[in-house]
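Visitor: Take this structure, written in structure tokens, and hold onto it; I'll ask about it next.
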Amino acid sequence: MAFGRAAGVRLPQGRAADAAIAGGMFALMAVAGLRAFIGERLEPWPVTVAGWALTAAACGALYLRRRRPVAVAVFVLAVTIAYYLGSAYDGPLLVVFIVALYTVAAEGRLQAAVALAALALICVGAGTLAGNDEVNGIALFMLAGWLVAVVALGQVRHGRLAYLQEVQRRAAGEERLRIARELHDVVGHHLSLINVQSAAALHRIGKDPAQAKAALGAIKESSRTALRDLRATLGVLRESGEQAPTAPAPGLARLEELIESARLAGLQVHAETGGEQRPLPTEVDLAAYRIVQEALTNVTRHARAGAVTVRLDHGPGELTVEVTDDGRGPVPPAGPPGSGISGMRERARALGGELVAGPRPGGGFTVRARLPYRNGASAR
């Protein structure tokens with residue numbers, strides 16, 4: 001297989017592969033059947049022509065072997081029995097049946113494959129008992145071993161394909177969950193800010209038009225940022241041929257944008273950084289950004305806080321993210337409970353880290369996440 005790739009040889013796939021196998025089997029049968037035209041005649045010409053017609057029919061049926069595996073195997077077995085009963089030249093037509101039997105097992109039809117293998121063995125044994133001297137007990141035993149091996153190999157092939165399909169399904173499910181988390185963070189954060197800012201604009205539009213105008217400007221900026229983040233997040237779902245998104249993935253380089261958005265919502269946000277700053281792996285950078293974003297969203301919506309501190313500690317092997325506020329407690333929820341903290345916790349766990357969230361002893365709330373650098377993450 002590796003040599004074929006290195007040499008640039010591309011094996012046929014799909015129907016082309018089925019046609020190649022059918023043609024190859026017929027070529028093998030034709031080479032083995034040349035003795036019917038050389039030497040002394042053992043049967044009349046019409047019988048020879050009928051034998052070649054049966055051979056061509058059996059080989060041609062292999063073209064449909066993956067679409068109708070059991071029907072093709074039954075047909076090939078019937079043709080093979082007819083051939084051996086009528087022809088004096090015993091060619092290797094049983095090989096065609098073995099190919100069809102393997103396909104039945106590889107397609108997951110184990111019971112049908114076992115039944116067909118047993119039927120073929122019974123027919124060959126009946127021929128031996130009827131006086132066929134070319135197949136003795138030892139040959140019959142070897143044939144049984146071959147049939148069992150073919151069915152076993154086909155079943156192994158089926159199990160391997162089923163395993164690969166399950167892996168692909170799980171990967172697709174994990175990707176859908178990742179996209180769902182991204183959408184939750186993007187939409188929840190920006191819509192929360194828009195809700196707060198629009199309420200402030202409605203409250204101040206008659207009393208202080210200047211502040212109302214500033215709030216409307218903040219709404220415009222939040223909606224523009226939300227649309228940009230949505231385009232970047234949904235870019236993985238684009239059809240083939242569409243232009244890839246040019247915006248970089250969100251990261252801590254955009255932390256100032258988050259802080260400014262929170263300030264426009266009325267919060268006093270203070271940012272602190274500790275340790276030696278270094279380039280972060282892409283997954284760690286994105287997770288840290290989303291955790292800070294979700295924590296600020298929760299403060300805006302629920303905490304009734306006035307001041308928030310965002311601290312980033314760059315350690316030698318991990319990044320620590322901490323968001324604390326001085327909130328007076330949660331406000332009554334206006335809708336169903338969200339999944340913000342659980343989503344942040346899943347992001348930390350996916351990188352081999354952890355996240356804790358809870359009330360502070362002196363009042364307020366703390367979200368603290370530990371994100372290791374080296375956990376299969378690719379460097380930015």
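Just so we're on the same page: first chain in the structure tokens is A, next is B, and so on; residues restart at 1 for each chain, and ligands are numbered from 1 in the order they show up.
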Taking the chain letters and numbering used in this document, name the residues of segment 93-149 of chain A that DSSP puts in alpha helix (DSSP H), as an MDAnalysis selection string.

Guide: chainID A and resid 94:106 110:129 137:149

Visitor: Would you pick out the contacts of segment 348-354 of chain A at 10 Å or less, using only C-alpha atoms, so that residues sharing its chain but fewer than 5 positions from it are not included, and give the list as a PyMOL selection string?

Guide: chain A and resi 283-284+287-288+291+318-320+342-343+368-377

Visitor: Using N, CA, C and O atoms, can you export the residues from the last selection as a compact mmCIF listing (two decimals), in the first residue's frame?

Guide:
# COMPACT_ATOMS: atom_id res chain seq x y z
N GLU A 283 -5.59 26.54 21.48
CA GLU A 283 -6.73 26.08 22.26
C GLU A 283 -6.78 26.76 23.63
O GLU A 283 -7.85 27.11 24.12
N VAL A 284 -5.61 26.97 24.25
CA VAL A 284 -5.56 27.64 25.55
C VAL A 284 -5.96 29.10 25.40
O VAL A 284 -6.71 29.65 26.23
N ALA A 287 -9.75 29.23 24.86
CA ALA A 287 -10.49 28.87 26.07
C ALA A 287 -10.42 30.00 27.11
O ALA A 287 -11.42 30.33 27.75
N ALA A 288 -9.24 30.61 27.28
CA ALA A 288 -9.11 31.70 28.24
C ALA A 288 -9.99 32.87 27.84
O ALA A 288 -10.66 33.49 28.68
N ILE A 291 -13.67 31.97 28.55
CA ILE A 291 -13.96 31.93 29.98
C ILE A 291 -14.13 33.35 30.52
O ILE A 291 -15.06 33.64 31.28
N GLU A 318 1.25 26.46 32.83
CA GLU A 318 -0.19 26.64 32.73
C GLU A 318 -0.54 28.12 32.85
O GLU A 318 0.25 28.93 33.33
N LEU A 319 -1.73 28.43 32.37
CA LEU A 319 -2.28 29.78 32.48
C LEU A 319 -3.44 29.73 33.48
O LEU A 319 -4.31 28.87 33.39
N THR A 320 -3.43 30.66 34.43
CA THR A 320 -4.51 30.76 35.41
C THR A 320 -5.33 32.01 35.10
O THR A 320 -4.78 33.10 34.98
N SER A 342 -21.10 25.59 33.57
CA SER A 342 -20.79 24.23 33.10
C SER A 342 -20.04 24.27 31.78
O SER A 342 -19.13 23.46 31.55
N GLY A 343 -20.38 25.21 30.90
CA GLY A 343 -19.63 25.33 29.64
C GLY A 343 -18.20 25.75 29.86
O GLY A 343 -17.28 25.22 29.23
N ARG A 368 -12.35 30.84 38.71
CA ARG A 368 -10.91 30.61 38.59
C ARG A 368 -10.68 29.35 37.77
O ARG A 368 -11.19 28.28 38.09
N ALA A 369 -9.90 29.49 36.68
CA ALA A 369 -9.63 28.37 35.76
C ALA A 369 -8.14 28.16 35.64
O ALA A 369 -7.36 29.13 35.59
N ARG A 370 -7.76 26.89 35.61
CA ARG A 370 -6.36 26.50 35.39
C ARG A 370 -6.28 25.78 34.05
O ARG A 370 -6.91 24.74 33.85
N LEU A 371 -5.49 26.33 33.11
CA LEU A 371 -5.41 25.81 31.75
C LEU A 371 -3.98 25.41 31.43
O LEU A 371 -3.12 26.27 31.18
N PRO A 372 -3.65 24.11 31.44
CA PRO A 372 -2.28 23.67 31.11
C PRO A 372 -1.92 23.99 29.66
O PRO A 372 -2.78 23.99 28.78
N TYR A 373 -0.65 24.25 29.43
CA TYR A 373 -0.17 24.57 28.08
C TYR A 373 -0.07 23.32 27.22
O TYR A 373 -0.43 23.32 26.04
N ARG A 374 0.45 22.24 27.79
CA ARG A 374 0.78 21.06 26.98
C ARG A 374 -0.19 19.94 27.28
O ARG A 374 -0.05 19.20 28.24
N ASN A 375 -1.20 19.85 26.39
CA ASN A 375 -2.16 18.75 26.51
C ASN A 375 -2.67 18.42 25.11
O ASN A 375 -3.86 18.31 24.86
N GLY A 376 -1.72 18.27 24.18
CA GLY A 376 -2.10 18.02 22.80
C GLY A 376 -2.47 19.28 22.04
O GLY A 376 -2.90 19.22 20.91
N ALA A 377 -2.32 20.45 22.67
CA ALA A 377 -2.68 21.69 22.00
C ALA A 377 -1.57 22.12 21.06
O ALA A 377 -0.39 21.98 21.34

Visitor: Which one is closest to Thr128 of chain A: A:Tyr89, A:Phe141, A:Pro46, A:Ser223? Count only C-alpha atoms.

Guide: A:Phe141

Visitor: Near Glu260 of chain A, counting only C-alpha atoms, which residues have an atom at most 12 Å away, once you skip same-chain residues fewer than 2 positions from it, shown as a PyMOL selection string?

Guide: chain A and resi 193+218+221-222+254-258+262-271+293+296

Visitor: Given the selection you just returned, output its residues as a file containing C-alpha atoms, formatted as a CSV table (one decimal), in the first residue's frame.

Guide:
chain,number,residue,atom,x,y,z
A,193,LEU,CA,-24.5,43.6,26.7
A,218,ALA,CA,-22.2,50.8,22.3
A,221,GLU,CA,-20.4,48.3,18.4
A,222,SER,CA,-21.6,45.1,20.3
A,254,ARG,CA,-8.8,40.9,22.1
A,255,LEU,CA,-9.2,41.0,25.9
A,256,GLU,CA,-9.3,44.8,25.8
A,257,GLU,CA,-12.4,44.6,23.6
A,258,LEU,CA,-14.2,42.5,26.2
A,262,ALA,CA,-18.2,45.5,30.0
A,263,ARG,CA,-17.3,49.1,30.9
A,264,LEU,CA,-19.9,50.4,28.4
A,265,ALA,CA,-22.4,48.2,30.3
A,266,GLY,CA,-21.6,50.1,33.5
A,267,LEU,CA,-19.0,47.9,35.1
A,268,GLN,CA,-15.6,49.1,36.5
A,269,VAL,CA,-13.2,46.5,35.1
A,270,HIS,CA,-9.6,46.2,36.2
A,271,ALA,CA,-7.2,43.9,34.4
A,293,GLN,CA,-16.1,36.5,28.1
A,296,LEU,CA,-18.2,39.0,32.4

Visitor: Please, which residues of segment 250-341 of chain A, numbered as in this document, come out strand (DSSP E or B) from DSSP, as a ChimeraX atom specification?

Guide: /A:268-275,281,307-314,318-325

Visitor: Could you work out how far atom CA of Val308 of chain A lies from atom CA of Gln277 of chain A, giving the answer in Å with one decimal?

Guide: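 Here the two named atoms are 22.0 Å from each other.
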
Visitor: What is the distance, in Å and to one decimal place, between atom CA of Ala214 of chain A and atom CA of Arg311 of chain A?

Guide: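 So the two atoms, atom CA of Ala214 of chain A and atom CA of Arg311 of chain A, lie 27.9 Å apart.
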
Visitor: Identify which of the residues A:Ala106, A:Ile259, A:Leu191, A:Val321 lies closest to Gln155 of chain A, counting only C-alpha atoms when measuring atom-to-atom distances.

Guide: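 Checking each candidate against Gln155 of chain A, we get A:Ala106 as the closest.
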
Visitor: Please report the interatomic distance between atom CA of Gly33 of chain A and atom CA of Ala53 of chain A in Å with one decimal.

Guide: 12.1 Å
